[in-house]
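Shown below: target.txt, with compact mmCIF, C-alpha atoms.
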# COMPACT_ATOMS: atom_id res chain seq x y z
CA MET C 334 -8.16 -18.37 -18.52
CA LYS C 335 -9.52 -15.41 -16.57
CA THR C 336 -7.01 -12.62 -16.07
CA GLY C 337 -7.32 -9.01 -14.99
CA PHE C 338 -6.60 -6.21 -12.56
CA ALA C 339 -8.29 -5.12 -9.34
CA ALA C 340 -7.43 -1.78 -7.70
CA VAL C 341 -7.58 -1.82 -3.89
CA VAL C 342 -8.42 1.70 -2.68
CA GLY C 343 -9.42 3.37 0.56
CA ARG C 344 -8.49 5.91 3.20
CA PRO C 345 -5.13 5.58 4.98
CA ASN C 346 -4.81 2.77 7.51
CA VAL C 347 -7.95 0.81 6.59
CA GLY C 348 -5.90 -2.34 5.89
CA LYS C 349 -5.44 -2.28 2.12
CA SER C 350 -1.87 -3.60 2.14
CA THR C 351 -2.66 -6.28 4.71
CA LEU C 352 -5.54 -7.41 2.50
CA VAL C 353 -3.35 -7.55 -0.61
CA ASN C 354 -0.71 -9.59 1.21
CA ARG C 355 -3.38 -11.93 2.57
CA ILE C 356 -4.89 -12.55 -0.87
CA VAL C 357 -1.56 -13.06 -2.63
CA GLY C 358 -0.30 -15.28 0.19
CA ALA C 359 3.06 -13.49 0.32
CA LYS C 360 4.44 -10.19 1.55
CA VAL C 361 4.42 -7.99 -1.52
CA THR C 362 3.85 -4.64 0.21
CA ILE C 363 4.95 -3.26 3.57
CA VAL C 364 2.53 -2.71 6.44
CA SER C 365 2.55 -0.68 9.63
CA SER C 366 0.14 1.01 12.02
CA ARG C 367 1.16 4.41 10.63
CA PRO C 368 -1.20 6.18 8.21
CA ASN C 369 0.05 6.61 4.65
CA THR C 370 2.53 3.75 4.90
CA THR C 371 1.99 2.86 1.24
CA ARG C 372 3.61 5.44 -1.04
CA HIS C 373 3.98 3.47 -4.26
CA VAL C 374 1.48 1.61 -6.40
CA VAL C 375 2.37 -2.04 -5.80
CA ARG C 376 1.08 -4.97 -7.84
CA GLY C 377 0.62 -8.37 -6.25
CA VAL C 378 -0.21 -11.44 -8.34
CA LEU C 379 -2.49 -14.29 -7.28
CA HIS C 380 -2.25 -17.46 -9.37
CA ARG C 381 -5.13 -19.93 -9.43
CA PRO C 382 -5.97 -22.78 -11.79
CA GLY C 383 -7.55 -21.07 -14.77
CA ALA C 384 -7.12 -17.56 -13.38
CA GLN C 385 -4.56 -14.87 -12.67
CA LEU C 386 -5.56 -11.87 -10.55
CA VAL C 387 -3.34 -8.79 -10.37
CA LEU C 388 -4.08 -6.71 -7.26
CA VAL C 389 -3.04 -3.06 -7.33
CA ASP C 390 -2.25 -1.78 -3.83
CA THR C 391 -2.49 2.01 -3.64
CA PRO C 392 -1.67 4.93 -1.33
CA GLY C 393 -4.56 6.04 0.85
CA PHE C 394 -6.96 8.75 -0.28
CA HIS C 395 -6.51 11.73 2.04
CA ARG C 396 -6.47 15.53 2.08
CA PRO C 397 -2.92 16.37 0.95
CA ARG C 398 -0.80 18.66 3.11
CA SER C 399 2.32 18.40 1.00
CA ALA C 400 3.45 17.94 -2.59
CA LEU C 401 4.17 14.31 -1.68
CA GLY C 402 0.62 13.84 -0.42
CA ALA C 403 -0.80 15.28 -3.62
CA ARG C 404 1.24 12.84 -5.70
CA LEU C 405 0.11 9.90 -3.59
CA VAL C 406 -3.56 10.80 -4.04
CA GLU C 407 -3.02 11.25 -7.79
CA ALA C 408 -1.43 7.79 -7.96
CA ALA C 409 -4.34 6.21 -6.08
CA ASP C 410 -6.88 7.96 -8.29
CA ALA C 411 -5.10 6.97 -11.50
CA SER C 412 -5.07 3.31 -10.42
CA LEU C 413 -8.84 3.19 -10.86
CA ASP C 414 -8.59 3.67 -14.62
CA ASP C 415 -8.39 0.60 -16.82
CA VAL C 416 -8.95 -1.97 -14.06
CA ASP C 417 -11.55 -4.67 -14.19
CA VAL C 418 -12.60 -4.42 -10.54
CA ALA C 419 -12.49 -1.62 -7.96
CA VAL C 420 -12.19 -2.88 -4.37
CA ALA C 421 -13.09 -0.05 -1.98
CA VAL C 422 -11.97 -0.84 1.57
CA LEU C 423 -13.72 0.68 4.59
CA ASP C 424 -12.86 0.31 8.29
CA ALA C 425 -15.42 -1.55 10.38
CA THR C 426 -14.20 0.23 13.53
CA ALA C 427 -14.74 3.79 12.24
CA PRO C 428 -17.85 5.60 10.96
CA VAL C 429 -18.34 5.90 7.22
CA GLY C 430 -17.24 9.50 6.75
CA PRO C 431 -16.51 12.07 4.04
CA GLY C 432 -13.18 10.43 3.21
CA ASP C 433 -14.88 7.10 2.59
CA ARG C 434 -17.45 8.78 0.37
CA ILE C 435 -14.67 10.31 -1.71
CA VAL C 436 -13.16 6.84 -2.13
CA LEU C 437 -16.50 5.33 -3.10
CA ALA C 438 -17.30 8.15 -5.52
CA ARG C 439 -13.97 7.76 -7.33
CA ALA C 440 -14.31 3.99 -7.40
CA ILE C 441 -17.76 4.32 -8.96
CA ALA C 442 -16.68 7.01 -11.44
CA GLY C 443 -13.41 5.39 -12.57
CA ARG C 444 -13.34 4.48 -16.23
CA GLU C 445 -14.80 1.04 -16.86
CA ALA C 446 -12.71 -1.74 -18.38
CA PRO C 447 -14.21 -4.80 -20.14
CA ARG C 448 -15.37 -7.52 -17.75
CA ALA C 449 -16.56 -11.04 -18.04
CA PRO C 450 -20.10 -11.30 -19.45
CA ASP C 451 -22.81 -11.30 -16.77
CA ALA C 452 -20.20 -10.83 -14.05
CA GLY C 453 -21.98 -7.89 -12.45
CA GLY C 454 -20.66 -4.44 -11.65
CA ARG C 455 -17.05 -3.63 -11.04
CA LEU C 456 -17.41 -2.16 -7.52
CA LEU C 457 -16.83 -4.39 -4.51
CA VAL C 458 -17.09 -2.75 -1.09
CA VAL C 459 -15.03 -4.38 1.64
CA VAL C 460 -15.71 -3.66 5.30
CA ASN C 461 -12.44 -4.70 6.91
CA LYS C 462 -11.41 -5.46 10.52
CA VAL C 463 -14.59 -7.39 11.35
CA ASP C 464 -12.61 -9.28 13.97
CA ARG C 465 -12.59 -6.08 16.05
CA VAL C 466 -16.31 -5.26 16.14
CA ARG C 467 -19.53 -6.80 17.41
CA PRO C 468 -22.11 -8.19 14.93
CA ALA C 469 -24.51 -5.29 15.53
CA GLN C 470 -21.80 -2.74 14.78
CA LEU C 471 -20.83 -4.63 11.63
CA LEU C 472 -24.41 -4.65 10.38
CA GLY C 473 -24.56 -0.92 10.98
CA GLN C 474 -21.36 -0.37 8.99
CA LEU C 475 -22.63 -2.46 6.09
CA ALA C 476 -25.88 -0.49 6.07
CA ALA C 477 -23.99 2.81 6.19
CA ALA C 478 -21.74 1.71 3.32
CA ALA C 479 -24.74 0.68 1.22
CA ALA C 480 -26.46 4.01 1.93
CA ALA C 481 -23.35 5.93 0.86
CA VAL C 482 -23.05 3.94 -2.37
CA ASP C 483 -26.74 4.47 -3.07
CA GLU C 484 -26.39 8.25 -2.60
CA LEU C 485 -23.49 8.22 -5.07
CA GLY C 486 -25.48 6.35 -7.70
CA GLY C 487 -23.60 3.06 -7.54
CA SER C 488 -26.01 0.78 -5.71
CA GLY C 489 -27.06 -1.22 -8.76
CA SER C 490 -23.58 -2.60 -9.35
CA ALA C 491 -22.01 -2.90 -5.90
CA GLU C 492 -21.47 -5.99 -3.77
CA TYR C 493 -20.45 -6.00 -0.10
CA PHE C 494 -17.99 -8.17 1.83
CA PRO C 495 -17.27 -8.18 5.57
CA VAL C 496 -13.70 -9.43 5.98
CA SER C 497 -10.74 -9.52 8.30
CA ALA C 498 -7.51 -9.12 6.38
CA ARG C 499 -5.64 -9.96 9.57
CA THR C 500 -7.32 -13.35 10.19
CA GLY C 501 -8.47 -14.17 6.67
CA GLU C 502 -12.17 -14.28 7.56
CA GLY C 503 -14.32 -13.64 4.50
CA VAL C 504 -11.36 -13.24 2.15
CA ASP C 505 -12.04 -16.37 0.07
CA ALA C 506 -15.53 -15.15 -0.82
CA LEU C 507 -14.11 -11.78 -1.82
CA VAL C 508 -11.46 -13.34 -4.04
CA GLY C 509 -14.02 -15.59 -5.71
CA SER C 510 -16.19 -12.59 -6.56
CA ILE C 511 -13.22 -10.64 -7.96
CA VAL C 512 -12.17 -13.57 -10.17
CA ASP C 513 -15.75 -14.00 -11.43
CA ARG C 514 -15.60 -10.43 -12.74
CA LEU C 515 -12.36 -10.86 -14.70
CA PRO C 516 -12.43 -11.15 -18.49
CA GLU C 517 -10.81 -14.01 -20.36
CA GLY C 518 -7.32 -13.43 -21.69
CA PRO C 519 -3.65 -14.41 -21.51
CA ALA C 520 -1.62 -14.37 -18.29
CA TYR C 521 0.22 -11.12 -17.62
CA TYR C 522 2.93 -12.62 -15.39
CA PRO C 523 4.86 -15.90 -15.08
CA SER C 524 3.38 -18.42 -12.67
CA ASP C 525 6.25 -18.02 -10.18
CA MET C 526 5.95 -14.21 -9.87
CA THR C 527 4.00 -12.64 -6.99
CA THR C 528 4.95 -8.99 -7.66
CA ASP C 529 6.62 -6.90 -10.31
CA THR C 530 8.11 -4.44 -7.81
CA PRO C 531 11.85 -3.95 -8.56
CA GLU C 532 14.14 -5.57 -5.99
CA ALA C 533 15.81 -2.27 -5.12
CA LEU C 534 12.47 -0.64 -4.34
CA SER C 535 11.41 -3.64 -2.25
CA VAL C 536 14.55 -3.40 -0.12
CA ALA C 537 14.13 0.36 0.34
CA GLU C 538 10.55 -0.19 1.45
CA LEU C 539 11.61 -2.91 3.91
CA VAL C 540 14.04 -0.41 5.45
CA ARG C 541 11.29 2.21 5.74
CA GLU C 542 8.92 -0.35 7.25
CA GLN C 543 11.38 -1.11 10.04
CA LEU C 544 12.00 2.59 10.65
CA LEU C 545 8.26 3.22 10.91
CA ARG C 546 8.05 0.61 13.66
CA ARG C 547 10.62 2.57 15.67
CA ALA C 548 9.64 6.14 14.78
CA ARG C 549 7.41 8.55 16.69
CA GLU C 550 5.40 11.74 16.28
CA GLU C 551 5.92 13.43 12.89
CA LEU C 552 9.02 11.44 11.94
CA PRO C 553 7.28 8.69 9.87
CA HIS C 554 6.13 11.22 7.27
CA SER C 555 9.62 12.73 7.06
CA ILE C 556 11.39 9.47 6.18
CA ALA C 557 12.13 8.39 2.63
CA CYS C 558 14.37 5.50 1.55
CA ARG C 559 16.01 4.56 -1.73
CA VAL C 560 18.71 2.11 -2.79
CA THR C 561 21.60 4.05 -4.32
CA GLU C 562 23.98 1.14 -5.03
CA TRP C 563 23.28 -2.52 -5.85
CA ASP C 564 26.31 -4.73 -6.32
CA TRP C 565 25.07 -8.02 -4.93
CA PRO C 566 25.52 -9.03 -2.20
CA ARG C 567 26.30 -5.41 -1.24
CA ILE C 568 23.31 -3.05 -1.06
CA ARG C 569 23.62 0.60 -0.07
CA CYS C 570 20.40 2.31 1.05
CA GLU C 571 19.95 6.01 1.67
CA ILE C 572 17.57 7.20 4.38
CA VAL C 573 16.39 10.78 3.89
CA VAL C 574 14.97 12.97 6.67
CA GLU C 575 14.10 16.66 6.79
CA ARG C 576 15.94 17.93 9.88
CA ASP C 577 19.22 17.34 11.69
CA SER C 578 17.34 16.37 14.86
CA GLN C 579 15.55 13.62 12.92
CA LYS C 580 18.86 12.27 11.69
CA GLY C 581 19.95 11.63 15.25
CA ILE C 582 16.70 9.85 16.06
CA VAL C 583 16.99 7.58 13.02
CA ILE C 584 20.61 6.69 13.79
CA GLY C 585 19.99 6.17 17.50
CA ARG C 586 22.43 6.20 20.35
CA LYS C 587 25.73 4.79 19.11
CA GLY C 588 23.94 3.67 15.94
CA ALA C 589 21.55 1.35 17.80
CA VAL C 590 18.46 2.09 15.70
CA LEU C 591 20.23 1.64 12.38
CA LYS C 592 21.74 -1.60 13.63
CA GLU C 593 18.30 -2.95 14.62
CA VAL C 594 16.81 -1.92 11.29
CA GLY C 595 19.64 -3.50 9.31
CA THR C 596 19.36 -6.76 11.22
CA ALA C 597 15.58 -6.94 10.73
CA VAL C 598 15.79 -6.22 6.99
CA ARG C 599 18.63 -8.68 6.34
CA ALA C 600 16.53 -11.41 7.96
CA GLN C 601 14.06 -10.94 5.08
CA LEU C 602 16.70 -11.00 2.32
CA PRO C 603 18.53 -13.94 0.74
CA PRO C 604 21.46 -15.27 2.82
CA GLY C 605 24.70 -13.36 2.41
CA ALA C 606 23.17 -9.95 1.75
CA TYR C 607 25.25 -7.04 3.04
CA LEU C 608 23.10 -3.98 3.74
CA GLU C 609 24.72 -0.60 4.32
CA LEU C 610 22.50 2.18 5.67
CA TYR C 611 23.30 5.87 5.78
CA VAL C 612 21.22 8.91 6.71
CA ARG C 613 21.08 12.23 4.88
CA VAL C 614 19.20 15.46 5.65
CA GLU C 615 17.27 17.06 2.79
CA LYS C 616 15.22 19.96 4.05
CA ARG C 617 11.53 20.12 3.04
CA TRP C 618 11.87 17.23 0.61
CA GLN C 619 8.12 16.48 0.88
CA GLN C 620 7.32 19.89 -0.60
CA ARG C 621 9.89 19.99 -3.41
CA PRO C 622 9.07 18.43 -6.82
CA ASP C 623 12.76 17.98 -7.64
CA ALA C 624 13.33 15.98 -4.45
CA LEU C 625 10.19 13.90 -5.04
CA ASP C 626 11.36 13.07 -8.57
CA ARG C 627 14.79 12.04 -7.30
CA LEU C 628 13.29 9.87 -4.55
CA GLY C 629 10.98 8.10 -7.00
CA TYR C 630 7.59 9.55 -6.01
This structure in structure tokens:
Amino acid sequence: MKTGFAAVVGRPNVGKSTLVNRIVGAKVTIVSSRPNTTRHVVRGVLHRPGAQLVLVDTPGFHRPRSALGARLVEAADASLDDVDVAVAVLDATAPVGPGDRIVLARAIAGREAPRAPDAGGRLLVVVNKVDRVRPAQLLGQLAAAAAAVDELGGSGSAEYFPVSARTGEGVDALVGSIVDRLPEGPAYYPSDMTTDTPEALSVAELVREQLLRRAREELPHSIACRVTEWDWPRIRCEIVVERDSQKGIVIGRKGAVLKEVGTAVRAQLPPGAYLELYVRVEKRWQQRPDALDRLGY
């Protein structure tokens, strides 16, 4: 069978996680409208007759302003080594800029892994959110993407796909091209597994996803979540913020925000789960390596 790995890379908020979830057909990574939602490398597994595709969802490439940001960029960059296919995602609604060129350059330069014979190059360029632009604008974005790849020396091996991760338009063609590029080999995961993310990390990320939907201004970047106790059905999750004022916002008046978050997360867990949330202040945690290590970044 054909089996292999494809790294999905791009700037923040271009729709990488939505695309991974769409391809896998299950929610394996959280999504929100906030930039830099993805903080961990998440693997989603697509099973097809005769093929198994492992998609590697990554943090967005950006200019780091904190120790956390630097670690996220390092994780995204490292994901491009030893994969069979690099899927570089661009935003159809925004000009192809310096950040996109950095993504394309790293996708082109990443160390090659063996691919199926005659499968073509490893770089696939996805122009996402085509449901939000007119045909003329889309053609312009595809031309701009091709020009950028050509300038970076990758034009001979790249292929381009206009898609909408939100609606599914164009996704089947993209998946078919990725699978064509995979080498033959044994399956890496059982046929009933869609992700190898630990359950505790998945729950912590679900909590953060719900908080992001209710947060404002700088607060999304200041929130970190981790499960500190797991004694099923009881789960205790710690929410870390950087200032006392943020703690009050996360808790909400009379605990209203935490109650809403807990209810929304429990609806996505197996019946009977008991989720306990508590908030702790840890000043400047985004800048401190010891705090990042403790929080799992």
Report, as JSON, the centre and edge lengths in Å (one decimal) of the axis-aligned box enclosing every listed atom of stretch 521-539 of chain C, padded by 6 Å on each side.
{"center_x": 8.0, "center_y": -9.0, "center_z": -6.9, "size_x": 27.6, "size_y": 30.8, "size_z": 33.5}
**Report entry** For C:Arg455: contacts at 9 Å, only C-alpha atoms, fewer than 5 positions along chain excluded, given as an NGL selection string
**Finding:** :C and (416-420 or 440-441 or 445-446 or 448 or 490-492 or 511 or 514)
**Report entry** Selection: 7 Å around C:Val375, all atoms listed in the file, excl. self and same-chain fewer than 6 positions, as a PyMOL selection string
**Finding:** chain C and resi 362+389-391+530
Requested in this report: Determine, counting all atoms listed in the file, which protein, DNA and RNA residues have an atom within 9 Å of an atom of C:Leu386; residues of the same chain fewer than 2 positions away are not included. Present the result as a list in words.
Outcome: Lys335, Thr336, Gly337, Phe338, Ala339, Val357, Gly377, Val378, Leu379, His380, Arg381, Ala384, Leu388, Val508, Ile511, Val512 and Leu515 of chain C
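Excluding C:Leu472 and any residue on its chain fewer than 5 positions from it, the residues at most 12 Å away by all atoms listed in the file are C:Ala425, C:Thr426, C:Val460, C:Val463, C:Val466, C:Arg467, C:Ala477, C:Ala478, C:Ala479, C:Tyr493, C:Phe494, C:Pro495.
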Report task. Using all atoms listed in the file, pick whichever of C:Pro603, C:Gly348, C:Pro523, C:Gly393 has the shortest atom-to-atom distance to C:Val496. Result -> C:Gly348
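Atom CA of C:Val422 is positioned 25.9 Å from atom CA of C:Leu544.
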Query raised in the report: Which one is closest to C:Leu507: C:Ala480, C:Ala520, C:Ala421, C:Val347? Count only C-alpha atoms.
Result: C:Ala421
**Report entry** Shell around C:Leu534 at 9 Å using only C-alpha atoms, local window under 3 positions removed, as a ChimeraX atom specification
**Finding:** /C:530-531,537-539,558-560
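Among the candidates C:Val374, C:Val436, C:Val406, C:Ala469, the one nearest to C:Ser535 when counting only C-alpha atoms is C:Val374.
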Report summary line: With distances taken over only C-alpha atoms, the candidate from C:Gly595, C:Gly585, C:Pro516, C:Gly358 nearest C:Glu542 is C:Gly595
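With distances restricted to only C-alpha atoms, C:Val574 is the closest residue to C:Glu615 from C:Leu545, C:Gly588, C:Gln601, C:Val574.
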Requested in this report: Using atom CA of C:His395 and atom CA of C:Glu532 as the two end points, give the distance in Å to one decimal.
Outcome: 28.1 Å
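The spacing separating atom CA of C:Ala438 from atom CA of C:Thr371 amounts to 21.1 Å.
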Report summary line: In terms of all atoms listed in the file, the residue from C:Arg434, C:Arg355, C:Arg613, C:Arg439 at minimal distance from C:Gly503 is C:Arg355
Requested in this report: Counting all atoms listed in the file, note down every residue that has an atom within 8 Å of the point (-9.5, 3.7, -11.2) (file coordinates), as an NGL selection string.
Outcome: :C and (340 or 409-416 or 419 or 439-440 or 442-444)
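Residues of protein, DNA or RNA having at least one counted atom within 6 Å of (3.0, 21.5, 3.1), given only C-alpha atoms, are Arg398, Ser399 and Gln620 of chain C.
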